[in-house]
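What follows is the content of start_24.txt, which has compact mmCIF, C-alpha atoms and all ligand atoms:
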# COMPACT_ATOMS: atom_id res chain seq x y z
CA MET A 1 24.05 -109.37 -80.92
CA ALA A 2 23.96 -112.57 -83.03
CA GLY A 3 24.01 -115.79 -81.02
CA ARG A 4 27.01 -118.13 -81.05
CA LEU A 5 25.15 -120.57 -83.35
CA HIS A 6 23.47 -118.00 -85.61
CA ASP A 7 24.64 -119.60 -88.88
CA GLN A 8 24.12 -123.21 -87.87
CA HIS A 9 21.59 -125.98 -88.40
CA VAL A 10 21.77 -128.15 -85.29
CA PHE A 11 20.28 -131.67 -85.37
CA VAL A 12 19.48 -133.14 -81.94
CA THR A 13 18.48 -136.74 -81.20
CA GLY A 14 16.16 -137.46 -78.29
CA GLY A 15 15.10 -133.81 -78.19
CA SER A 16 11.56 -134.23 -76.88
CA ARG A 17 12.41 -133.99 -73.20
CA GLY A 18 15.16 -133.84 -70.58
CA ILE A 19 18.68 -132.89 -71.64
CA GLY A 20 17.76 -133.09 -75.34
CA ALA A 21 14.92 -130.58 -74.95
CA ALA A 22 17.24 -128.21 -73.08
CA ILE A 23 19.77 -128.50 -75.93
CA VAL A 24 17.03 -127.71 -78.49
CA GLU A 25 16.05 -124.60 -76.52
CA LYS A 26 19.63 -123.47 -75.93
CA ALA A 27 20.61 -123.89 -79.60
CA LEU A 28 17.56 -121.84 -80.64
CA ALA A 29 18.44 -119.16 -78.09
CA GLU A 30 21.95 -119.05 -79.61
CA GLY A 31 20.41 -118.33 -83.02
CA ALA A 32 20.53 -121.78 -84.66
CA ARG A 33 17.90 -123.43 -86.77
CA VAL A 34 17.19 -126.65 -84.90
CA SER A 35 15.70 -129.99 -85.84
CA PHE A 36 15.16 -132.95 -83.57
CA ILE A 37 14.16 -136.58 -83.80
CA ASP A 38 12.48 -138.57 -81.03
CA ILE A 39 10.19 -141.57 -80.55
CA GLU A 40 8.08 -139.55 -78.09
CA GLN A 41 5.63 -137.87 -80.47
CA GLN A 42 3.40 -136.16 -77.91
CA ALA A 43 6.25 -134.65 -75.91
CA GLY A 44 8.03 -133.57 -79.11
CA GLU A 45 4.96 -131.85 -80.50
CA ALA A 46 4.28 -130.18 -77.15
CA LEU A 47 7.84 -128.85 -77.02
CA LEU A 48 7.63 -127.61 -80.61
CA ALA A 49 4.33 -125.82 -79.91
CA SER A 50 5.72 -124.20 -76.75
CA LEU A 51 8.75 -122.83 -78.60
CA GLN A 52 6.61 -120.73 -80.97
CA THR A 53 9.28 -120.47 -83.65
CA LYS A 54 9.60 -121.29 -87.33
CA CYS A 55 13.27 -122.13 -86.76
CA CYS A 56 12.55 -125.54 -85.26
CA TYR A 57 11.43 -128.82 -86.82
CA PHE A 58 10.48 -132.06 -85.07
CA GLY A 59 10.27 -135.46 -86.79
CA VAL A 60 9.07 -138.65 -85.13
CA GLY A 61 11.45 -141.56 -85.50
CA SER A 62 13.85 -143.91 -83.81
CA VAL A 63 17.59 -143.41 -83.92
CA THR A 64 17.92 -147.19 -84.12
CA SER A 65 16.46 -147.07 -87.66
CA ALA A 66 18.59 -145.77 -90.53
CA ALA A 67 15.37 -145.22 -92.53
CA ASP A 68 13.78 -143.10 -89.76
CA ILE A 69 16.99 -141.07 -89.42
CA ALA A 70 17.15 -140.46 -93.18
CA GLY A 71 13.47 -139.44 -93.32
CA VAL A 72 13.69 -136.88 -90.51
CA HIS A 73 17.12 -135.63 -91.61
CA ASN A 74 16.07 -135.11 -95.23
CA GLU A 75 12.96 -133.16 -94.25
CA ALA A 76 15.04 -131.06 -91.84
CA VAL A 77 17.60 -130.31 -94.55
CA LYS A 78 14.84 -129.22 -96.95
CA ARG A 79 13.75 -126.64 -94.39
CA PHE A 80 17.01 -125.46 -92.88
CA GLY A 81 19.87 -126.50 -95.19
CA PRO A 82 22.76 -128.86 -94.41
CA VAL A 83 23.36 -129.86 -90.82
CA THR A 84 26.41 -128.15 -89.30
CA GLY A 85 26.03 -129.39 -85.72
CA LEU A 86 24.91 -132.81 -84.51
CA VAL A 87 24.10 -133.74 -80.93
CA ASN A 88 23.75 -137.48 -80.36
CA ASN A 89 21.75 -137.27 -77.15
CA ALA A 90 19.10 -140.03 -77.33
CA GLY A 91 19.88 -142.70 -74.79
CA ARG A 92 18.40 -145.12 -72.31
CA ASN A 93 19.42 -146.70 -69.04
CA SER A 94 19.88 -150.42 -68.57
CA TYR A 95 19.48 -152.40 -65.37
CA ALA A 96 20.15 -155.91 -66.71
CA ASP A 97 21.59 -158.89 -64.90
CA PRO A 98 24.78 -159.99 -66.70
CA VAL A 99 23.74 -163.66 -66.56
CA ALA A 100 20.01 -163.37 -67.24
CA MET A 101 20.32 -160.77 -70.00
CA THR A 102 19.42 -162.05 -73.48
CA GLU A 103 21.30 -161.19 -76.66
CA THR A 104 18.22 -159.30 -77.86
CA ASP A 105 18.23 -157.17 -74.70
CA TRP A 106 21.96 -156.49 -75.19
CA ASP A 107 21.44 -155.48 -78.81
CA ASP A 108 18.56 -153.17 -77.82
CA VAL A 109 20.77 -151.25 -75.38
CA PHE A 110 23.70 -150.93 -77.76
CA ALA A 111 21.40 -149.96 -80.65
CA VAL A 112 20.33 -146.79 -78.80
CA ASP A 113 23.36 -145.98 -76.63
CA LEU A 114 26.12 -146.67 -79.17
CA LYS A 115 25.20 -147.71 -82.72
CA ALA A 116 22.72 -144.85 -83.18
CA ALA A 117 25.45 -142.24 -82.78
CA TRP A 118 27.31 -143.77 -85.73
CA LEU A 119 24.11 -144.12 -87.80
CA VAL A 120 23.21 -140.45 -87.35
CA ALA A 121 26.81 -139.29 -87.87
CA ARG A 122 26.91 -141.34 -91.09
CA GLN A 123 23.80 -139.46 -92.24
CA VAL A 124 25.14 -135.95 -91.63
CA LEU A 125 28.84 -136.39 -92.39
CA PRO A 126 28.73 -136.25 -96.21
CA ALA A 127 27.36 -132.67 -96.10
CA MET A 128 29.78 -131.69 -93.33
CA ILE A 129 32.67 -133.05 -95.38
CA ALA A 130 31.43 -131.17 -98.46
CA GLN A 131 31.34 -127.93 -96.43
CA GLN A 132 34.60 -128.71 -94.58
CA ARG A 133 32.78 -127.72 -91.43
CA GLY A 134 30.95 -129.43 -88.59
CA SER A 135 30.77 -130.20 -84.91
CA ILE A 136 29.43 -133.41 -83.38
CA VAL A 137 28.73 -133.77 -79.67
CA ASN A 138 28.02 -137.25 -78.30
CA ILE A 139 26.24 -137.31 -74.96
CA ALA A 140 28.03 -140.09 -73.11
CA SER A 141 27.95 -140.38 -69.32
CA ILE A 142 30.03 -140.35 -66.19
CA HIS A 143 29.50 -144.13 -66.50
CA ALA A 144 32.10 -144.10 -69.28
CA ASP A 145 34.74 -143.61 -66.55
CA MET A 146 33.20 -145.09 -63.41
CA THR A 147 29.94 -146.93 -62.83
CA TYR A 148 27.43 -148.22 -60.34
CA PRO A 149 26.22 -151.74 -59.49
CA GLY A 150 23.10 -152.93 -61.29
CA PHE A 151 23.56 -150.75 -64.38
CA PHE A 152 24.74 -153.48 -66.78
CA PRO A 153 25.84 -152.88 -69.60
CA TYR A 154 25.27 -149.10 -69.75
CA ALA A 155 28.91 -148.33 -68.87
CA ALA A 156 30.13 -150.52 -71.74
CA ALA A 157 27.91 -148.73 -74.24
CA LYS A 158 28.84 -145.25 -73.01
CA SER A 159 32.57 -146.13 -72.92
CA GLY A 160 32.13 -147.29 -76.50
CA LEU A 161 30.57 -143.94 -77.34
CA VAL A 162 33.65 -142.13 -76.02
CA GLY A 163 35.82 -144.45 -78.15
CA LEU A 164 33.63 -143.73 -81.19
CA THR A 165 34.15 -140.02 -80.46
CA ARG A 166 37.94 -140.41 -80.55
CA SER A 167 37.89 -142.41 -83.80
CA LEU A 168 35.56 -139.96 -85.55
CA ALA A 169 37.62 -137.00 -84.32
CA LEU A 170 40.78 -138.49 -85.81
CA ASP A 171 39.20 -139.48 -89.12
CA MET A 172 37.22 -136.26 -89.60
CA GLY A 173 39.82 -133.74 -88.39
CA LYS A 174 41.21 -133.28 -91.89
CA HIS A 175 37.74 -132.09 -92.94
CA GLN A 176 37.65 -129.51 -90.13
CA ILE A 177 34.91 -131.48 -88.39
CA ARG A 178 35.25 -131.58 -84.60
CA VAL A 179 33.88 -134.49 -82.57
CA ASN A 180 33.62 -134.42 -78.78
CA ALA A 181 31.86 -136.34 -76.05
CA LEU A 182 30.14 -134.76 -73.08
CA SER A 183 29.65 -136.93 -70.01
CA PRO A 184 26.93 -135.69 -67.69
CA GLY A 185 26.80 -136.76 -64.07
CA TYR A 186 23.51 -136.84 -62.17
CA THR A 187 21.17 -134.51 -64.06
CA GLU A 188 17.56 -134.00 -62.97
CA THR A 189 15.56 -135.76 -65.73
CA PHE A 190 13.25 -138.74 -66.24
CA LEU A 191 16.24 -141.13 -66.29
CA VAL A 192 17.47 -139.99 -62.87
CA LYS A 193 13.93 -140.15 -61.46
CA GLU A 194 13.64 -143.70 -62.79
CA PHE A 195 16.99 -144.58 -61.14
CA PHE A 196 15.99 -143.26 -57.71
CA GLU A 197 12.60 -144.97 -57.89
CA LYS A 198 14.39 -148.31 -58.28
CA ASN A 199 16.49 -147.74 -55.17
CA ASP A 200 16.14 -147.14 -51.45
CA ALA A 201 14.71 -143.71 -50.53
CA SER A 202 17.88 -142.76 -48.61
CA LEU A 203 20.04 -143.03 -51.74
CA ARG A 204 19.10 -139.59 -53.03
CA GLN A 205 20.56 -137.85 -49.96
CA LYS A 206 23.71 -140.02 -50.12
CA VAL A 207 24.18 -138.98 -53.73
CA LEU A 208 23.71 -135.31 -52.89
CA ASP A 209 26.24 -135.61 -50.05
CA ALA A 210 28.85 -137.00 -52.48
CA HIS A 211 28.62 -133.96 -54.76
CA PRO A 212 31.17 -131.19 -54.09
CA LEU A 213 28.51 -128.71 -55.22
CA GLU A 214 25.95 -130.47 -52.94
CA ARG A 215 23.36 -130.80 -55.70
CA MET A 216 22.65 -132.53 -58.99
CA GLY A 217 22.86 -130.78 -62.33
CA THR A 218 20.05 -129.42 -64.46
CA PRO A 219 19.50 -130.10 -68.18
CA VAL A 220 20.24 -126.43 -68.92
CA GLU A 221 23.71 -126.78 -67.37
CA ILE A 222 24.47 -129.64 -69.77
CA ALA A 223 23.01 -127.70 -72.71
CA ASN A 224 25.23 -124.68 -71.93
CA CYS A 225 28.35 -126.80 -72.35
CA VAL A 226 26.96 -128.44 -75.53
CA ALA A 227 26.37 -124.99 -77.05
CA PHE A 228 30.00 -124.10 -76.41
CA LEU A 229 31.24 -127.34 -78.04
CA LEU A 230 29.02 -126.72 -81.08
CA SER A 231 30.20 -123.16 -81.46
CA ASP A 232 33.32 -121.68 -83.05
CA GLU A 233 34.49 -120.74 -79.54
CA ALA A 234 35.50 -124.42 -79.26
CA SER A 235 37.40 -124.30 -82.57
CA PHE A 236 40.47 -126.13 -81.18
CA VAL A 237 38.53 -128.68 -79.12
CA THR A 238 38.17 -132.14 -80.63
CA GLY A 239 38.51 -135.77 -79.56
CA SER A 240 37.82 -134.87 -75.94
CA ASN A 241 35.35 -136.04 -73.32
CA TRP A 242 33.94 -133.24 -71.16
CA ARG A 243 32.76 -134.29 -67.72
CA VAL A 244 29.90 -132.11 -66.56
CA ASP A 245 29.21 -133.73 -63.20
CA GLY A 246 29.48 -131.05 -60.50
CA GLY A 247 32.83 -132.52 -59.48
CA LEU A 248 31.41 -135.94 -58.56
CA SER A 249 34.12 -137.91 -60.37
CA ALA A 250 36.88 -135.92 -58.67
CA ARG A 251 36.46 -137.82 -55.40
CA PHE A 252 36.63 -141.39 -54.22
CA ALA A 253 34.77 -143.11 -51.38
CA GLY A 254 35.38 -142.06 -47.81
N1 LIG B 1 20.04 -137.64 -66.68
C1 LIG B 1 21.25 -138.03 -66.31
O1 LIG B 1 21.61 -137.99 -65.12
C2 LIG B 1 22.24 -138.50 -67.33
C3 LIG B 1 23.54 -138.76 -66.89
C4 LIG B 1 24.48 -139.20 -67.81
C5 LIG B 1 24.14 -139.34 -69.14
N2 LIG B 1 22.87 -139.07 -69.54
C6 LIG B 1 22.58 -139.23 -70.95
O2 LIG B 1 21.96 -138.06 -71.43
C7 LIG B 1 21.10 -138.38 -72.53
C8 LIG B 1 19.73 -137.77 -72.31
O3 LIG B 1 19.19 -138.35 -71.15
P1 LIG B 1 18.01 -137.71 -70.29
O4 LIG B 1 18.40 -137.83 -68.88
O5 LIG B 1 17.61 -136.39 -70.83
O6 LIG B 1 16.87 -138.80 -70.55
P2 LIG B 1 15.33 -138.72 -70.98
O7 LIG B 1 14.84 -140.11 -70.89
O8 LIG B 1 14.63 -137.66 -70.23
O9 LIG B 1 15.44 -138.27 -72.50
C9 LIG B 1 15.93 -139.13 -73.48
C10 LIG B 1 15.20 -138.83 -74.78
O10 LIG B 1 15.69 -139.74 -75.77
C11 LIG B 1 14.58 -140.26 -76.46
N3 LIG B 1 14.89 -141.55 -77.04
C12 LIG B 1 15.14 -142.71 -76.39
N4 LIG B 1 15.30 -143.72 -77.28
C13 LIG B 1 15.17 -143.17 -78.51
C14 LIG B 1 15.22 -143.69 -79.82
N5 LIG B 1 15.42 -144.99 -80.05
N6 LIG B 1 15.04 -142.85 -80.86
C15 LIG B 1 14.81 -141.53 -80.66
N7 LIG B 1 14.73 -140.98 -79.43
C16 LIG B 1 14.91 -141.79 -78.37
C17 LIG B 1 13.49 -140.36 -75.40
O11 LIG B 1 12.20 -140.51 -75.97
C18 LIG B 1 13.70 -139.07 -74.64
O12 LIG B 1 12.97 -138.00 -75.22
C19 LIG B 1 21.10 -139.91 -72.64
O13 LIG B 1 22.03 -140.32 -73.64
C20 LIG B 1 21.59 -140.35 -71.28
O14 LIG B 1 22.22 -141.62 -71.31
C21 LIG B 1 21.90 -138.66 -68.67

Hey, can you dump this file as structure tokens for me?
Ligand SMILES: NC(=O)c1ccc[n+]([C@@H]2O[C@H](COP(=O)([O-])OP(=O)(O)OC[C@H]3O[C@@H](n4cnc5c(N)ncnc54)[C@H](O)[C@@H]3O)[C@@H](O)[C@H]2O)c1
Amino acid sequence: MAGRLHDQHVFVTGGSRGIGAAIVEKALAEGARVSFIDIEQQAGEALLASLQTKCCYFGVGSVTSAADIAGVHNEAVKRFGPVTGLVNNAGRNSYADPVAMTETDWDDVFAVDLKAAWLVARQVLPAMIAQQRGSIVNIASIHADMTYPGFFPYAAAKSGLVGLTRSLALDMGKHQIRVNALSPGYTETFLVKEFFEKNDASLRQKVLDAHPLERMGTPVEIANCVAFLLSDEASFVTGSNWRVDGGLSARFAG
């Protein structure tokens, strides 16, 4: 049976590892041709080699650079045709102090966690508009709704990404292009490891205890939901923000 994405070219940012790598693998398993951009060359090439498929392309580049995006995108399009699905996944954490943070530091965070999603969307949208078809999934975060001390200004950037999602959904709806956000909760990747390393060793157990499902998520569980949003099964879903957090945001303290 053909996969749910069998006629799609899916472009993933930050696909070398973590959630992005799981999305690359899931989209391939669903029959898509997949291209991804990442600054991590070694990890990207290792992933590509492990996949053993001609249906995947990896280009090194930063999503903060319109020139890098254009270079990788244009090569991907030469191989696999116009992009029909975009996943803006590349992101970084921020642990700045609101007073000590410099403007350069601020700009660096927003360049990756917010502006990049617009830059990449701007690159793929003309072809989506021409085809009157497309689905964009922006990987936001549970921090778009609630946040944690010491994470400044990650929540602001991810909230902005959900706002960008709404605006794009409204402006692109008439072209039959759907735009949704997906907000992961704690998902076992490098970023979560980095977070726990910065905190007291007991925090991990406290976090697990707060989860209704008593565990954190895996990258594959995020990728499964992304595949649905990219596919025609989600044909009436746009402008939304999907929380994939194991129920964490359903409870308050106590
Ligand atoms: N892991 C979590 O618990 C969690 C929770 C909520 C949201 N998220 C979001 O999910 C997304 C993926 O996170 P992850 O946990 O897999 O992290 P990760 O650090 O394992 O992977 C992020 C990938 O993005 C790439 N990247 C970073 N900056 C880039 C740039 N400028 N250009 C191109 N690629 C770049 C990295 O090299 C890396 O391969 C991020 O947007 C993150 O904010 C993660």

Could you make a table, as JSON lines, of the residues of chain A that have an atom within 8 Å of an atom of ligand LIG 1 (chain B), each with its nearest atom pair and distance in Å to one decimal, counting only C-alpha atoms and all ligand atoms, in chain and number order?
{"residue": "A:Thr13", "atom": "CA", "partner": "B:LIG1", "partner_atom": "N7", "distance": 5.9}
{"residue": "A:Gly14", "atom": "CA", "partner": "B:LIG1", "partner_atom": "O10", "distance": 3.4}
{"residue": "A:Gly15", "atom": "CA", "partner": "B:LIG1", "partner_atom": "O12", "distance": 5.6}
{"residue": "A:Ser16", "atom": "CA", "partner": "B:LIG1", "partner_atom": "O12", "distance": 4.4}
{"residue": "A:Arg17", "atom": "CA", "partner": "B:LIG1", "partner_atom": "O12", "distance": 4.5}
{"residue": "A:Gly18", "atom": "CA", "partner": "B:LIG1", "partner_atom": "O5", "distance": 3.5}
{"residue": "A:Ile19", "atom": "CA", "partner": "B:LIG1", "partner_atom": "O5", "distance": 3.7}
{"residue": "A:Gly20", "atom": "CA", "partner": "B:LIG1", "partner_atom": "O5", "distance": 5.6}
{"residue": "A:Ala21", "atom": "CA", "partner": "B:LIG1", "partner_atom": "O5", "distance": 7.6}
{"residue": "A:Ile37", "atom": "CA", "partner": "B:LIG1", "partner_atom": "C15", "distance": 5.9}
{"residue": "A:Asp38", "atom": "CA", "partner": "B:LIG1", "partner_atom": "N7", "distance": 3.7}
{"residue": "A:Ile39", "atom": "CA", "partner": "B:LIG1", "partner_atom": "C15", "distance": 4.6}
{"residue": "A:Glu40", "atom": "CA", "partner": "B:LIG1", "partner_atom": "O11", "distance": 4.7}
{"residue": "A:Ala43", "atom": "CA", "partner": "B:LIG1", "partner_atom": "O12", "distance": 7.5}
{"residue": "A:Gly44", "atom": "CA", "partner": "B:LIG1", "partner_atom": "O12", "distance": 7.7}
{"residue": "A:Val60", "atom": "CA", "partner": "B:LIG1", "partner_atom": "C15", "distance": 7.8}
{"residue": "A:Gly61", "atom": "CA", "partner": "B:LIG1", "partner_atom": "C15", "distance": 5.9}
{"residue": "A:Ser62", "atom": "CA", "partner": "B:LIG1", "partner_atom": "N6", "distance": 3.4}
{"residue": "A:Val63", "atom": "CA", "partner": "B:LIG1", "partner_atom": "N6", "distance": 4.0}
{"residue": "A:Thr64", "atom": "CA", "partner": "B:LIG1", "partner_atom": "N5", "distance": 5.3}
{"residue": "A:Ser65", "atom": "CA", "partner": "B:LIG1", "partner_atom": "N5", "distance": 8.0}
{"residue": "A:Asn88", "atom": "CA", "partner": "B:LIG1", "partner_atom": "O13", "distance": 7.5}
{"residue": "A:Asn89", "atom": "CA", "partner": "B:LIG1", "partner_atom": "O13", "distance": 4.7}
{"residue": "A:Ala90", "atom": "CA", "partner": "B:LIG1", "partner_atom": "O10", "distance": 3.8}
{"residue": "A:Gly91", "atom": "CA", "partner": "B:LIG1", "partner_atom": "O13", "distance": 3.4}
{"residue": "A:Arg92", "atom": "CA", "partner": "B:LIG1", "partner_atom": "O14", "distance": 5.3}
{"residue": "A:Asn93", "atom": "CA", "partner": "B:LIG1", "partner_atom": "O14", "distance": 6.2}
{"residue": "A:Ala111", "atom": "CA", "partner": "B:LIG1", "partner_atom": "N5", "distance": 7.8}
{"residue": "A:Val112", "atom": "CA", "partner": "B:LIG1", "partner_atom": "N5", "distance": 5.4}
{"residue": "A:Asp113", "atom": "CA", "partner": "B:LIG1", "partner_atom": "O13", "distance": 6.5}
{"residue": "A:Ala116", "atom": "CA", "partner": "B:LIG1", "partner_atom": "N5", "distance": 7.9}
{"residue": "A:Ile139", "atom": "CA", "partner": "B:LIG1", "partner_atom": "O13", "distance": 5.3}
{"residue": "A:Ala140", "atom": "CA", "partner": "B:LIG1", "partner_atom": "C5", "distance": 5.6}
{"residue": "A:Ser141", "atom": "CA", "partner": "B:LIG1", "partner_atom": "C5", "distance": 4.0}
{"residue": "A:Ile142", "atom": "CA", "partner": "B:LIG1", "partner_atom": "C4", "distance": 5.9}
{"residue": "A:His143", "atom": "CA", "partner": "B:LIG1", "partner_atom": "C4", "distance": 7.2}
{"residue": "A:Lys158", "atom": "CA", "partner": "B:LIG1", "partner_atom": "O14", "distance": 7.7}
{"residue": "A:Ser183", "atom": "CA", "partner": "B:LIG1", "partner_atom": "C4", "distance": 6.1}
{"residue": "A:Pro184", "atom": "CA", "partner": "B:LIG1", "partner_atom": "C4", "distance": 4.3}
{"residue": "A:Gly185", "atom": "CA", "partner": "B:LIG1", "partner_atom": "C3", "distance": 4.8}
{"residue": "A:Tyr186", "atom": "CA", "partner": "B:LIG1", "partner_atom": "O1", "distance": 3.7}
{"residue": "A:Thr187", "atom": "CA", "partner": "B:LIG1", "partner_atom": "O1", "distance": 3.7}
{"residue": "A:Glu188", "atom": "CA", "partner": "B:LIG1", "partner_atom": "N1", "distance": 5.8}
{"residue": "A:Thr189", "atom": "CA", "partner": "B:LIG1", "partner_atom": "O4", "distance": 4.7}
{"residue": "A:Phe190", "atom": "CA", "partner": "B:LIG1", "partner_atom": "O8", "distance": 4.4}
{"residue": "A:Leu191", "atom": "CA", "partner": "B:LIG1", "partner_atom": "O4", "distance": 4.7}
{"residue": "A:Val192", "atom": "CA", "partner": "B:LIG1", "partner_atom": "O1", "distance": 5.1}
{"residue": "A:Gly217", "atom": "CA", "partner": "B:LIG1", "partner_atom": "O1", "distance": 7.8}
{"residue": "A:Pro219", "atom": "CA", "partner": "B:LIG1", "partner_atom": "O5", "distance": 7.1}

Need to verify the contact set: A:Lys206, 12 Å, only C-alpha atoms, exclusion of same-chain residues closer than 6 positions in sequence. Can you return it as a VMD selection string? chain A and resid 196 199 to 200 214 to 216 253

- Out of A:Ser135, A:Ser202, A:Ser35, A:Ser167, which residue has the shortest atom-to-atom distance to A:Glu233 when counting only C-alpha atoms?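 Smallest separation from A:Glu233 among the options: A:Ser135.
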
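Between A:Val220 and the residues A:Val207, A:Val244, A:Val124, A:Gln41, the shortest atom-to-atom distance, using only C-alpha atoms, involves A:Val244.
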
Item to complete: Figure out the distance between atom CA of A:Ser94 and atom CA of A:Gly239, please, to one decimal in Å.
Response: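 Straight-line distance from atom CA of A:Gly239 to atom CA of A:Ser94 works out to 26.1 Å.
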
Can you report as AutoDock Vina command-line options the centre and edge lengths in Å, to one decimal, of an axis-aligned box around the listed atoms of stretch 218-234 of chain A padded with 4 Å on each side?
--center_x 27.5 --center_y -125.4 --center_z -73.8 --size_x 24.0 --size_y 17.4 --size_z 26.6

Original post:
From the set A:Leu48, A:Ala27, A:Ile222, A:Val237, which residue has the shortest atom-to-atom contact distance to A:Gly85, counting all atoms listed in the file?
Top reply: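 Smallest distance to A:Gly85 is found for A:Ala27.
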
Judged by only C-alpha atoms, the minimum distance to A:Asp107 among A:Phe236, A:Tyr154, A:Tyr148, A:Phe228 is found for A:Tyr154

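The residue that comes closest to A:Ala67, out of A:Val120, A:Ala144, A:Leu170, A:Ala127 and on the basis of all atoms listed in the file, is A:Val120.
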
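When atom CA of A:Val72 is paired with atom CA of A:Leu125, their separation reads 15.3 Å.
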
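Take the candidates A:Ile23, A:Leu114, A:Ile177, A:Val34 and check each one against A:Phe80 using all atoms listed in the file; the shortest distance goes to A:Val34.
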
Next item on the list: Give me, please, the distance in Å between atom CA of A:Ala210 and atom CA of A:Gly150, quoted to one decimal.
Entry: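 Between atom CA of A:Ala210 and atom CA of A:Gly150 the gap is 19.1 Å.
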
Got a minute to add N, CA and C atoms to stretch 51-68 of chain A and dump it as a compact mmCIF listing (two decimals), keeping the file's coordinate frame?
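Written out: rebuild-v2.txt:
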# COMPACT_ATOMS: atom_id res chain seq x y z
N LEU A 51 7.62 -123.67 -78.18
CA LEU A 51 8.75 -122.83 -78.60
C LEU A 51 8.31 -121.65 -79.46
N GLN A 52 7.17 -121.81 -80.14
CA GLN A 52 6.61 -120.73 -80.97
C GLN A 52 7.64 -120.10 -81.90
N THR A 53 8.28 -120.96 -82.70
CA THR A 53 9.28 -120.47 -83.65
C THR A 53 9.20 -121.25 -84.94
N LYS A 54 9.54 -120.60 -86.03
CA LYS A 54 9.60 -121.29 -87.33
C LYS A 54 10.98 -121.90 -87.54
N CYS A 55 11.88 -121.66 -86.60
CA CYS A 55 13.27 -122.13 -86.76
C CYS A 55 13.49 -123.51 -86.20
N CYS A 56 12.40 -124.21 -85.86
CA CYS A 56 12.55 -125.54 -85.26
C CYS A 56 11.66 -126.54 -85.98
N TYR A 57 12.18 -127.74 -86.18
CA TYR A 57 11.43 -128.82 -86.82
C TYR A 57 11.57 -130.09 -85.98
N PHE A 58 10.45 -130.79 -85.80
CA PHE A 58 10.48 -132.06 -85.07
C PHE A 58 9.97 -133.18 -85.97
N GLY A 59 10.71 -134.28 -86.05
CA GLY A 59 10.27 -135.46 -86.79
C GLY A 59 10.26 -136.67 -85.87
N VAL A 60 9.16 -137.44 -85.96
CA VAL A 60 9.07 -138.65 -85.13
C VAL A 60 9.90 -139.75 -85.78
N GLY A 61 10.68 -140.44 -84.97
CA GLY A 61 11.45 -141.56 -85.50
C GLY A 61 12.40 -142.10 -84.46
N SER A 62 12.90 -143.30 -84.73
CA SER A 62 13.85 -143.91 -83.81
C SER A 62 15.26 -143.82 -84.36
N VAL A 63 16.19 -143.49 -83.49
CA VAL A 63 17.59 -143.41 -83.92
C VAL A 63 18.20 -144.80 -84.13
N THR A 64 17.43 -145.83 -83.84
CA THR A 64 17.92 -147.19 -84.12
C THR A 64 17.61 -147.58 -85.57
N SER A 65 16.86 -146.74 -86.29
CA SER A 65 16.46 -147.07 -87.66
C SER A 65 17.11 -146.09 -88.65
N ALA A 66 17.94 -146.63 -89.54
CA ALA A 66 18.59 -145.77 -90.53
C ALA A 66 17.54 -145.09 -91.41
N ALA A 67 16.43 -145.80 -91.69
CA ALA A 67 15.37 -145.22 -92.53
C ALA A 67 14.70 -144.05 -91.82
N ASP A 68 14.40 -144.21 -90.53
CA ASP A 68 13.78 -143.10 -89.76
C ASP A 68 14.72 -141.89 -89.74
